[in-house]
Number of protein chains: 6
Amino acid sequence: MNDNNPLYIDEFFNDGGVFMGAKEKSENCTVGLYGVTYDGTTSFRPGTRFGPSAIREVSNGIETFCPQLNMDLEDLFFCDLGSLKIPTGAPEPIVEAVKNITHKLLNSNMKPLLLGGEHSITSGAVAATATFYSDLILIQLDAHADLREEWLGNKHSHACAMRRCLEVLPSKTLYQVAIRSGTKQEFEEINNQNRLVLHNSGKSASDLNRKLQQHREQPIYLTVDLDWFDPSVMPGTGTPEPGGFFWNDFASIVEVLRNYNLVAADIVELSPLLDHSGISSVLAAKVTRSLLMLLSQNS
Amino acid sequence: MNDNNPLYIDEFFNDGGVFMGAKEKSENCTVGLYGVTYDGTTSFRPGTRFGPSAIREVSNGIETFCPQLNMDLEDLFFCDLGSLKIPTGAPEPIVEAVKNITHKLLNSNMKPLLLGGEHSITSGAVAATATFYSDLILIQLDAHADLREEWLGNKHSHACAMRRCLEVLPSKTLYQVAIRSGTKQEFEEINNQNRLVLHNSGKSASDLNRKLQQHREQPIYLTVDLDWFDPSVMPGTGTPEPGGFFWNDFASIVEVLRNYNLVAADIVELSPLLDHSGISSVLAAKVTRSLLMLLSQNS
Amino acid sequence: MNDNNPLYIDEFFNDGGVFMGAKEKSENCTVGLYGVTYDGTTSFRPGTRFGPSAIREVSNGIETFCPQLNMDLEDLFFCDLGSLKIPTGAPEPIVEAVKNITHKLLNSNMKPLLLGGEHSITSGAVAATATFYSDLILIQLDAHADLREEWLGNKHSHACAMRRCLEVLPSKTLYQVAIRSGTKQEFEEINNQNRLVLHNSGKSASDLNRKLQQHREQPIYLTVDLDWFDPSVMPGTGTPEPGGFFWNDFASIVEVLRNYNLVAADIVELSPLLDHSGISSVLAAKVTRSLLMLLSQNS
Amino acid sequence: MNDNNPLYIDEFFNDGGVFMGAKEKSENCTVGLYGVTYDGTTSFRPGTRFGPSAIREVSNGIETFCPQLNMDLEDLFFCDLGSLKIPTGAPEPIVEAVKNITHKLLNSNMKPLLLGGEHSITSGAVAATATFYSDLILIQLDAHADLREEWLGNKHSHACAMRRCLEVLPSKTLYQVAIRSGTKQEFEEINNQNRLVLHNSGKSASDLNRKLQQHREQPIYLTVDLDWFDPSVMPGTGTPEPGGFFWNDFASIVEVLRNYNLVAADIVELSPLLDHSGISSVLAAKVTRSLLMLLSQNS
Amino acid sequence: MNDNNPLYIDEFFNDGGVFMGAKEKSENCTVGLYGVTYDGTTSFRPGTRFGPSAIREVSNGIETFCPQLNMDLEDLFFCDLGSLKIPTGAPEPIVEAVKNITHKLLNSNMKPLLLGGEHSITSGAVAATATFYSDLILIQLDAHADLREEWLGNKHSHACAMRRCLEVLPSKTLYQVAIRSGTKQEFEEINNQNRLVLHNSGKSASDLNRKLQQHREQPIYLTVDLDWFDPSVMPGTGTPEPGGFFWNDFASIVEVLRNYNLVAADIVELSPLLDHSGISSVLAAKVTRSLLMLLSQNS
Amino acid sequence: MNDNNPLYIDEFFNDGGVFMGAKEKSENCTVGLYGVTYDGTTSFRPGTRFGPSAIREVSNGIETFCPQLNMDLEDLFFCDLGSLKIPTGAPEPIVEAVKNITHKLLNSNMKPLLLGGEHSITSGAVAATATFYSDLILIQLDAHADLREEWLGNKHSHACAMRRCLEVLPSKTLYQVAIRSGTKQEFEEINNQNRLVLHNSGKSASDLNRKLQQHREQPIYLTVDLDWFDPSVMPGTGTPEPGGFFWNDFASIVEVLRNYNLVAADIVELSPLLDHSGISSVLAAKVTRSLLMLLSQNS
């Protein structure tokens, strides 16, 4: 971030590159992109801390123009603030730091888009966003339910991400799109709470659309755990789960969301060390492009 | 295998880890999982000998609960016996060793699930199973016909696996699901014998179901050559063949087979050296989980 | 090429292996395969110069028989001439060399099949082919529009490949199959010119068939930029673009083209350095097998 | 660990394989090997949590006999307890758990050999050992000084490992062998305290021998941060530092230490995700073999 | 480069990160670091265009303090200008652009340090430097002689780098340190011209020192082709040549050069695509640290 | 091999490329290079079957001129016959085929140079050579003693290579250069038989020279198991053993052997699947260049 704004200069560092098309100054920007390079609770294969820099690096390999949304990043007002300065070790201070900086951005009229890092960072951003939008609802794209109360001795493990989010979400409204892995208890809870959004591979996302119609005016936080995608298109993630989704499936979600009010989002669990060909990073960059556009359209 | 049962202790070795959820003792188990680390006839790219240990290693990265079958590995009685002690070199002694140990397991009322290794091991297990179930039929998921009489000077090459199986299968009933590679002669034989099961990508497996209805009471041996899957989801195999299948396709096969009598199975041709991101091993582990459940349901 | 034909011996070199099933002499051959190992304008990730040798190397891992077309490479008359001797550096001399050698092949009644290398080589081959077939039309499988006038200071950049082809194509007839990435201007041109061929994933290619019906007698040049395929099945390419196509999609294109008059083709942008598992090279080899058959059928 | 000893069964888990030559029961063993799969504070590239399982897996690729020490692992009494059950996240609970289990082993007359995991685990083991041997001295093989008071907000970061060890080491005697990276302040402290052991590449380790002569009767804890080795022989580590050491250098250290009283040791910072050819894991396994022998010789 | 200096802003782009310790403004800086991402003539394995960004990315993995030179990057005045904007394709425009920007830097009293990119860029920088320092001499660390008149049709191939440099070097004084690969003719020329600097592995560089004594006051340009290092420590280069050198060998060269007048330098031929573990990039970053210090000491 | 010589055409196949500088016809050649792509008994990590093609492929990355021996491959008369047609599976038929073809070459006055494949092929070549030269002696560069009587149930395992060679070597004279891994029994035998050649890293090989002086007129077979080299320079081998040797060490062996009568040789155990950067293949190609020159000098 080549910005002289004293608000941000102390809280971010440059961990490599800038997302393509970002404005050089944060002034007048309506969307603020930033990385959170935390992977301390990862239970299987680590490395998501390198997610933000990998996404920025490959972003120049795709175009700024999106034919689906007919928008061009060059026409938007978003900035890339760099990555949040955080300690290593326990997750609690990171969740707190994410909460604080997200609050600060929203205060400055910037919609936040976080690049993880692991999924445990989401609850900090949801907590901050919910203080601005009390009727906020949460949509989760993910392979895993993430509803454990605790995992490997840690309440803020990435396996508990949605459990923690529900605690800080006043509306208690969570939609979990086509979750395909969890414990028996997690699936029972999802079904009992009617949270599961059905999704067949292809271009329509009708169940999501149907569920969202009762929330037409409500602000939405979208969390994209990249392992929602099939391992074949997203090998670079720590806990790949066979049977996932493809770009067209994501595009159909975007098609629905462009008619709703997205106010904040995150993209988590990219692990570049496991992505030898780089296709996972490119997919993450294209997802980032779509979300930058969705976040910009109502600003 | 932490077992004091003198029946097994001399025939297996520990080549790394234990499949998640396996019981610590073989006593009372109805399914016995074991590895066969042989890849001596592999014609293209070797390394399937590391298949069993790779599958065990990543098994902890998926859940023990399967939402499709609504079963949990923790509730089943299966053991992981380790991998069979075998010599290197020629395939004949390995096929014989596989035959003997499979026979011993069936004698102990354990249904066998073999993790390969290359496909040439299958005929040993089919031979032993057919002595217990004289009306046994064989279902093959595979990219390749594997019906060669001989290949590179070897009758027990993995390219001859089904030819060898037919020789030891009294019923001569083989169904080959959606084979997509072979010689002209192999395809002619498949068609003449009406062995080919048609399969369109997606969630139904109606042709398999239709063909199996005439075998409702017969015991089934299922051999899964992992190269049946598309190379994008299964890059870690020696002879990848474009145009393969995805998890949902396998799930539809499982959906059919849960209504039939599966008595033995194998999962072969995983080559971890070619699986840099590990997604092939994870897919193989999830296939293993499904088959453990199918084998357990009628026990 | 083990050929004593003085026409070719000075213009090609052996960069590793021979495509499976190729005849040992060029005499009587109706199709001539050759590599063009150029990647000098690649904007993102280089390495396509190794494409031809990688395709040849893995070709032995698939069968010579194609069940879709019911043809066998052993029955065809094609030769593998090796790879064209070219300088490094600027693209202009390479385009010229490609043009000359393509002309020479057509003069000898051999249909050319080029293995790239990067996409900038196509305009040389199209130019030569159009001098033989003045009503030649061009079909492009590609993720990218490639219609830039200039890119990174280079008129012959691979990002300008179709712009250059249009300049040397008298018919000005170009069909671009399911392009999914480009600038706003490129998409406007494509739509204005009615060049875009719609394609839904699956086994039909009806829009292509419909468009081609007005060109039933015209000779066709097919250029296959391998990044048309999804990055999951084709990770080994320099500018992967999510949302691509699968083998069955290509097979449906082949199904259409077998009814038309293919006279020349190329397969470009394979980058083996990015293809750790080798699945991209195998896919490229299978595409090569299909095109060898299409080119042979009317000879 | 195939052991029924109730002392250990709850504190360890099997994360893959057993080190070659380990006894099946802990009874009568004088050395206890165990893994600590923690990498939560790693500042650069993570993955050391997979160190213990990688070392065990490749151990079968080397011999049990060591020609330098003329000893055979088969003749020793050591067991492989598996890996310590630990939470993810903050380092403090892990250091505490390491301290407790190390204490328990020493109480059972087993000398501990820890396989990391990151360097921050060392202070727990040193603390426990120092309660048994009050005159314990510490020898560090490492590329880095590790004397920071705090790093990235964490007192137990691996960059602070020796600072933390000094706090729990009554003798305050630390020898740092050929440290080659650190801050100006760290080098000043090392020099002021006369802690640096000079080491020329080759087969002699005379400076270490000279320094140890004043500690002839004292018990020694040896911590081997594998990045002491040159990155060419040890690419699989998170913070490689050019200009390191080779096997013969390590052998010369062993040659010295065989004349002293080694009572505990650890081997840390192997990161298998970065070790594509596996040579780092094999080197770590050979280091493990040497230390098992040194720890066994006076038992 | 976060600089408002209009001199540079149009000529460089940010291809990822900043070298650790660089000043944020170019004002008052005495050394200017910049990348040249050109690899268009590479004859064997490409990818050096990613060299500059890889070096910057890993620079944070080493310390700013150098124990050999007892200097800290934090105390120096150098800036990282980003990478030069260049076209793809032919080498001539790149050599020209390098010449122009190097001239501009020297005019601004900044000593240039170029990060390649391939070796063909050196002649542009040498040409510019020689216009400032007419008695400039050139020292080359390299595996290859690089004295070909032309290679693969290209006078500016990296195999001709030193031939082109000699043409623009008025002093004609070139020292080639321990070249180990070349044609018979190249070796004859080197010997006839007494250019070869003998070098035994280890810490002395006495032959270089002896040869330089006759040039005590002359300005020196140092070009470091990283393939001078042994392939084991520098696998990430396009034409690795066994029998190379190690860090200590480079340190002994530094030891000599600190007594001479280094005025410009480059570090070329790092190919990150071939450097899976990253050790080559780290070595290149440490070489960069040393040269930044040598260039700063007399400023 | 583009040769019409009916002697060879049926026994070899082209598995990719030709070694640089080879003559196009076998006529008049005094050295015959050929591959043996067998790895069926490999006990740890397979893949040596791809050794010959990898060596040929990278051979163009080094020069034909050798500064040490002051010879140029272009001036020699050697041919590259391709790779021997062999079955998969058991080793006995391969050893027999190697014996036969080696005999045929020697009969045609061509000195054989075999590229493996695994070490078990050596005894076939030694057997054939010893029938031509009854006083043949054998020199082994290797990390491992390879003197086992049997390994994993196989008398022809690569772990038994030297045991098998001794059986077919009338002189019983074997020198084992700096073996560093084996069982206690193997080391005892080596020492009792005074077979061990001591070797200190560096440029002298005085012990070998001393031992060979009593064999001044005797023909020599040299077998180079590439794992003799250090794993850092030769990561691409199945059983890497730390503490190995470097290029300069090999060069000192060459320096000795140029004064003796080398009549046949092999280079085995290169495993390209484990050689991600390609440095192992390049080293093997440079070793091949040296041996081609040694074999040619007395012809």
# chains A, B, ... in the order shown; residues from 1 in each chain; ligands from 1

call {"tool": "interface_residues", "arguments": {"of": "chain C", "to": "chain E", "cutoff": "8 Å", "atoms": "only C-alpha atoms", "output": "NGL selection string"}}
result
:C and (39-43 or 45-47 or 86-91 or 152-154 or 157 or 273)

call {"tool": "select_by_dssp", "arguments": {"residues": "region 51-117 of chain B", "states": "strand (DSSP E)", "output": "list in words"}}
result
Phe65, Cys66, Met71, Asp72, Phe78, Cys79, Asp80, Leu81, Gly82, Ser83, Leu84, Lys111, Pro112, Leu113, Leu114, Leu115 and Gly116 of chain B

call {"tool": "write_last_selection", "arguments": {"atoms": "N, CA and C atoms", "output": "short mmCIF file (atom, residue, chain, number, x, y, z; two decimals), in the first residue's frame"}}
result
data_model
loop_
_atom_site.label_atom_id
_atom_site.label_comp_id
_atom_site.auth_asym_id
_atom_site.auth_seq_id
_atom_site.Cartn_x
_atom_site.Cartn_y
_atom_site.Cartn_z
N PHE B 65 -17.15 -40.22 9.71
CA PHE B 65 -18.58 -40.29 9.37
C PHE B 65 -18.79 -40.07 7.88
N CYS B 66 -19.66 -40.88 7.27
CA CYS B 66 -19.98 -40.73 5.85
C CYS B 66 -21.43 -40.27 5.71
N MET B 71 -23.16 -43.72 8.02
CA MET B 71 -22.45 -44.66 8.90
C MET B 71 -21.17 -44.01 9.39
N ASP B 72 -20.64 -44.56 10.51
CA ASP B 72 -19.41 -44.00 11.06
C ASP B 72 -18.41 -45.15 11.24
N PHE B 78 -13.65 -53.37 11.98
CA PHE B 78 -12.65 -53.72 10.97
C PHE B 78 -11.27 -53.50 11.56
N CYS B 79 -10.30 -54.22 11.05
CA CYS B 79 -8.94 -54.04 11.52
C CYS B 79 -8.02 -53.77 10.31
N ASP B 80 -6.88 -53.18 10.62
CA ASP B 80 -5.87 -52.89 9.60
C ASP B 80 -4.67 -53.78 9.91
N LEU B 81 -4.50 -54.81 9.09
CA LEU B 81 -3.50 -55.84 9.40
C LEU B 81 -2.07 -55.44 9.03
N GLY B 82 -1.91 -54.28 8.43
CA GLY B 82 -0.59 -53.91 7.91
C GLY B 82 -0.47 -54.34 6.47
N SER B 83 0.78 -54.51 6.01
CA SER B 83 0.98 -54.91 4.62
C SER B 83 1.65 -56.28 4.56
N LEU B 84 1.27 -57.03 3.54
CA LEU B 84 1.72 -58.40 3.37
C LEU B 84 3.22 -58.44 3.10
N LYS B 111 -14.04 -60.33 5.89
CA LYS B 111 -14.07 -59.96 4.48
C LYS B 111 -12.82 -59.15 4.15
N PRO B 112 -12.17 -59.50 3.06
CA PRO B 112 -10.90 -58.83 2.76
C PRO B 112 -11.09 -57.53 1.96
N LEU B 113 -10.31 -56.52 2.31
CA LEU B 113 -10.21 -55.30 1.51
C LEU B 113 -8.73 -55.03 1.29
N LEU B 114 -8.27 -55.23 0.03
CA LEU B 114 -6.85 -55.07 -0.29
C LEU B 114 -6.58 -53.66 -0.79
N LEU B 115 -5.47 -53.11 -0.33
CA LEU B 115 -4.98 -51.85 -0.87
C LEU B 115 -3.70 -52.13 -1.65
N GLY B 116 -3.73 -51.87 -2.98
CA GLY B 116 -2.54 -52.10 -3.80
C GLY B 116 -1.62 -50.92 -3.74
#

call {"tool": "select_by_dssp", "arguments": {"residues": "region 30-148 of chain C", "states": "alpha helix (DSSP H)", "output": "PyMOL selection string"}}
result
chain C and resi 51-58+92-107+122-132

call {"tool": "atom_distance", "arguments": {"atom1": "CA of Val233 (chain F)", "atom2": "CA of Ile253 (chain D)"}}
result
23.1 Å

call {"tool": "residues_around", "arguments": {"residues": "region 210-217 of chain D", "least_positions_apart": "4", "cutoff": "12 Å", "atoms": "only C-alpha atoms", "output": "ChimeraX atom specification"}}
result
/D:133,135-139,171,173-177,194-199,204-206,253,256-263

call {"tool": "write_last_selection", "arguments": {"atoms": "N, CA and C atoms", "output": "CSV table (one decimal), in the first residue's frame"}}
result
chain,number,residue,atom,x,y,z
D,133,TYR,N,19.5,-33.5,36.3
D,133,TYR,CA,21.0,-33.4,36.3
D,133,TYR,C,21.3,-31.9,36.5
D,135,ASP,N,23.8,-30.2,37.0
D,135,ASP,CA,25.0,-29.6,36.3
D,135,ASP,C,25.0,-29.8,34.8
D,136,LEU,N,23.8,-30.0,34.3
D,136,LEU,CA,23.6,-30.2,32.8
D,136,LEU,C,24.2,-29.1,32.0
D,137,ILE,N,24.9,-29.4,30.9
D,137,ILE,CA,25.3,-28.4,30.0
D,137,ILE,C,24.6,-28.6,28.6
D,138,LEU,N,24.5,-27.6,27.8
D,138,LEU,CA,23.7,-27.6,26.6
D,138,LEU,C,24.6,-27.4,25.4
D,139,ILE,N,24.6,-28.2,24.4
D,139,ILE,CA,25.3,-28.0,23.2
D,139,ILE,C,24.3,-27.9,22.0
D,171,SER,N,23.3,-24.4,35.1
D,171,SER,CA,24.7,-24.2,34.8
D,171,SER,C,25.0,-23.0,33.9
D,173,THR,N,25.5,-23.0,31.1
D,173,THR,CA,26.6,-23.3,30.2
D,173,THR,C,26.0,-23.8,28.8
D,174,LEU,N,26.2,-23.0,27.8
D,174,LEU,CA,25.7,-23.3,26.5
D,174,LEU,C,26.8,-23.2,25.5
D,175,TYR,N,27.0,-24.2,24.7
D,175,TYR,CA,28.0,-24.1,23.6
D,175,TYR,C,27.2,-24.1,22.2
D,176,GLN,N,27.5,-23.1,21.4
D,176,GLN,CA,26.8,-22.9,20.2
D,176,GLN,C,27.8,-23.2,19.0
D,177,VAL,N,27.5,-24.3,18.3
D,177,VAL,CA,28.5,-24.7,17.4
D,177,VAL,C,28.4,-24.1,16.0
D,194,ASN,N,31.7,-16.2,25.3
D,194,ASN,CA,32.6,-17.3,24.8
D,194,ASN,C,31.9,-18.6,24.5
D,195,ARG,N,30.8,-18.4,23.9
D,195,ARG,CA,29.9,-19.6,23.7
D,195,ARG,C,30.2,-20.3,22.3
D,196,LEU,N,30.8,-19.5,21.4
D,196,LEU,CA,30.9,-20.0,20.0
D,196,LEU,C,31.9,-21.1,19.9
D,197,VAL,N,31.5,-22.2,19.3
D,197,VAL,CA,32.5,-23.3,19.0
D,197,VAL,C,32.8,-23.1,17.5
D,198,LEU,N,34.1,-22.9,17.3
D,198,LEU,CA,34.6,-22.8,15.9
D,198,LEU,C,34.6,-24.2,15.3
D,199,HIS,N,34.3,-24.2,14.0
D,199,HIS,CA,34.2,-25.5,13.3
D,199,HIS,C,34.6,-25.3,11.9
D,204,SER,N,37.6,-33.0,11.7
D,204,SER,CA,38.0,-32.7,13.1
D,204,SER,C,37.0,-31.7,13.7
D,205,ALA,N,36.8,-31.9,15.0
D,205,ALA,CA,36.0,-31.0,15.8
D,205,ALA,C,36.7,-30.6,17.0
D,206,SER,N,38.0,-30.1,16.8
D,206,SER,CA,38.9,-29.9,17.9
D,206,SER,C,38.5,-28.8,18.9
D,253,ILE,N,31.6,-34.3,15.1
D,253,ILE,CA,30.9,-34.0,16.4
D,253,ILE,C,30.6,-35.3,17.2
D,256,VAL,N,33.6,-36.7,18.9
D,256,VAL,CA,33.9,-36.0,20.2
D,256,VAL,C,33.0,-36.5,21.3
D,257,LEU,N,31.7,-36.5,20.9
D,257,LEU,CA,30.7,-36.7,22.0
D,257,LEU,C,30.7,-38.2,22.5
D,258,ARG,N,31.2,-39.1,21.7
D,258,ARG,CA,31.3,-40.5,22.2
D,258,ARG,C,32.1,-40.6,23.4
D,259,ASN,N,33.0,-39.6,23.7
D,259,ASN,CA,33.8,-39.6,24.9
D,259,ASN,C,33.2,-38.9,26.1
D,260,TYR,N,32.0,-38.4,25.9
D,260,TYR,CA,31.3,-37.6,26.9
D,260,TYR,C,30.0,-38.3,27.3
D,261,ASN,N,29.3,-37.6,28.2
D,261,ASN,CA,28.1,-38.2,28.8
D,261,ASN,C,26.8,-37.6,28.3
D,262,LEU,N,26.4,-38.0,27.1
D,262,LEU,CA,25.1,-37.5,26.6
D,262,LEU,C,23.9,-38.1,27.3
D,263,VAL,N,23.0,-37.3,27.9
D,263,VAL,CA,21.9,-37.8,28.6
D,263,VAL,C,20.5,-37.6,28.0

call {"tool": "atom_distance", "arguments": {"atom1": "CA of Asp207 (chain A)", "atom2": "CA of Ser201 (chain B)"}}
result
22.3 Å

call {"tool": "residues_around", "arguments": {"residues": "Ala159 (chain A)", "least_positions_apart": "3", "cutoff": "7 Å", "atoms": "only C-alpha atoms", "output": "list in words"}}
result
Asp146, Leu147, Arg148 and Trp151 of chain A

call {"tool": "write_last_selection", "arguments": {"atoms": "all heavy atoms", "output": "PDB file, in the first residue's frame"}}
result
ATOM      1  N   ASP A 146     -17.453 -27.190  10.184  1.00  0.00           N
ATOM      2  CA  ASP A 146     -16.742 -26.251  11.071  1.00  0.00           C
ATOM      3  C   ASP A 146     -17.562 -25.838  12.282  1.00  0.00           C
ATOM      4  O   ASP A 146     -17.504 -24.693  12.739  1.00  0.00           O
ATOM      5  CB  ASP A 146     -16.309 -24.984  10.302  1.00  0.00           C
ATOM      6  CG  ASP A 146     -15.149 -25.232   9.360  1.00  0.00           C
ATOM      7  OD1 ASP A 146     -14.606 -26.347   9.345  1.00  0.00           O
ATOM      8  OD2 ASP A 146     -14.774 -24.292   8.640  1.00  0.00           O
ATOM      9  N   LEU A 147     -18.323 -26.782  12.819  1.00  0.00           N
ATOM     10  CA  LEU A 147     -19.198 -26.470  13.952  1.00  0.00           C
ATOM     11  C   LEU A 147     -18.734 -27.105  15.251  1.00  0.00           C
ATOM     12  O   LEU A 147     -19.474 -27.154  16.228  1.00  0.00           O
ATOM     13  CB  LEU A 147     -20.636 -26.934  13.633  1.00  0.00           C
ATOM     14  CG  LEU A 147     -21.371 -26.102  12.574  1.00  0.00           C
ATOM     15  CD1 LEU A 147     -22.608 -26.831  12.093  1.00  0.00           C
ATOM     16  CD2 LEU A 147     -21.749 -24.741  13.152  1.00  0.00           C
ATOM     17  N   ARG A 148     -17.531 -27.634  15.259  1.00  0.00           N
ATOM     18  CA  ARG A 148     -17.039 -28.228  16.494  1.00  0.00           C
ATOM     19  C   ARG A 148     -16.941 -27.166  17.592  1.00  0.00           C
ATOM     20  O   ARG A 148     -16.640 -26.006  17.327  1.00  0.00           O
ATOM     21  CB  ARG A 148     -15.671 -28.855  16.272  1.00  0.00           C
ATOM     22  CG  ARG A 148     -15.728 -30.212  15.590  1.00  0.00           C
ATOM     23  CD  ARG A 148     -14.317 -30.746  15.376  1.00  0.00           C
ATOM     24  NE  ARG A 148     -14.289 -32.197  15.216  1.00  0.00           N
ATOM     25  CZ  ARG A 148     -14.342 -32.836  14.046  1.00  0.00           C
ATOM     26  NH1 ARG A 148     -14.444 -32.135  12.928  1.00  0.00           N
ATOM     27  NH2 ARG A 148     -14.300 -34.157  13.995  1.00  0.00           N
ATOM     28  N   TRP A 151     -11.408 -28.133  19.071  1.00  0.00           N
ATOM     29  CA  TRP A 151     -10.713 -29.116  18.254  1.00  0.00           C
ATOM     30  C   TRP A 151      -9.223 -29.095  18.592  1.00  0.00           C
ATOM     31  O   TRP A 151      -8.609 -28.048  18.605  1.00  0.00           O
ATOM     32  CB  TRP A 151     -10.930 -28.826  16.765  1.00  0.00           C
ATOM     33  CG  TRP A 151     -10.329 -29.834  15.839  1.00  0.00           C
ATOM     34  CD1 TRP A 151      -9.401 -29.608  14.874  1.00  0.00           C
ATOM     35  CD2 TRP A 151     -10.603 -31.239  15.790  1.00  0.00           C
ATOM     36  NE1 TRP A 151      -9.091 -30.775  14.228  1.00  0.00           N
ATOM     37  CE2 TRP A 151      -9.796 -31.795  14.766  1.00  0.00           C
ATOM     38  CE3 TRP A 151     -11.433 -32.087  16.540  1.00  0.00           C
ATOM     39  CZ2 TRP A 151      -9.807 -33.162  14.460  1.00  0.00           C
ATOM     40  CZ3 TRP A 151     -11.431 -33.450  16.227  1.00  0.00           C
ATOM     41  CH2 TRP A 151     -10.637 -33.968  15.196  1.00  0.00           C
TER      42      TRP A 151
END

call {"tool": "residues_around", "arguments": {"residues": "Leu141 (chain C)", "least_positions_apart": "4", "cutoff": "10 Å", "atoms": "only C-alpha atoms", "output": "number ranges by chain"}}
result
C: 145, 175-179, 197, 222-229, 250, 253, 267

call {"tool": "closest_atom_pairs", "arguments": {"of": "region 195-293 of chain C", "to": "region 29-33 of chain C", "cutoff": "12 Å", "atoms": "only C-alpha atoms", "output": "JSON lines"}}
result
{"residue": "C:Leu262", "atom": "CA", "partner": "C:Val31", "partner_atom": "CA", "distance": 11.5}
{"residue": "C:Val263", "atom": "CA", "partner": "C:Val31", "partner_atom": "CA", "distance": 9.4}
{"residue": "C:Ala264", "atom": "CA", "partner": "C:Val31", "partner_atom": "CA", "distance": 9.0}
{"residue": "C:Ala265", "atom": "CA", "partner": "C:Leu33", "partner_atom": "CA", "distance": 9.7}
{"residue": "C:Asp266", "atom": "CA", "partner": "C:Leu33", "partner_atom": "CA", "distance": 9.3}
{"residue": "C:Ile267", "atom": "CA", "partner": "C:Leu33", "partner_atom": "CA", "distance": 10.6}
{"residue": "C:Thr288", "atom": "CA", "partner": "C:Leu33", "partner_atom": "CA", "distance": 9.3}
{"residue": "C:Arg289", "atom": "CA", "partner": "C:Leu33", "partner_atom": "CA", "distance": 10.8}
{"residue": "C:Leu291", "atom": "CA", "partner": "C:Val31", "partner_atom": "CA", "distance": 10.1}
{"residue": "C:Leu292", "atom": "CA", "partner": "C:Val31", "partner_atom": "CA", "distance": 7.2}
{"residue": "C:Met293", "atom": "CA", "partner": "C:Val31", "partner_atom": "CA", "distance": 9.4}

call {"tool": "residues_around", "arguments": {"residues": "Leu283 (chain E)", "least_positions_apart": "5", "cutoff": "8 Å", "atoms": "only C-alpha atoms", "output": "VMD selection string"}}
result
(chain D and resid 241 to 242) or (chain E and resid 233 to 234)

call {"tool": "write_last_selection", "arguments": {"atoms": "C-alpha atoms", "output": "tab-separated table (two decimals), in the first residue's frame"}}
result
chain	number	residue	atom	x	y	z
D	241	GLU	CA	20.89	-20.58	5.66
D	242	PRO	CA	23.66	-20.95	3.06
E	233	VAL	CA	23.39	-25.45	-3.54
E	234	MET	CA	21.89	-23.79	-6.65
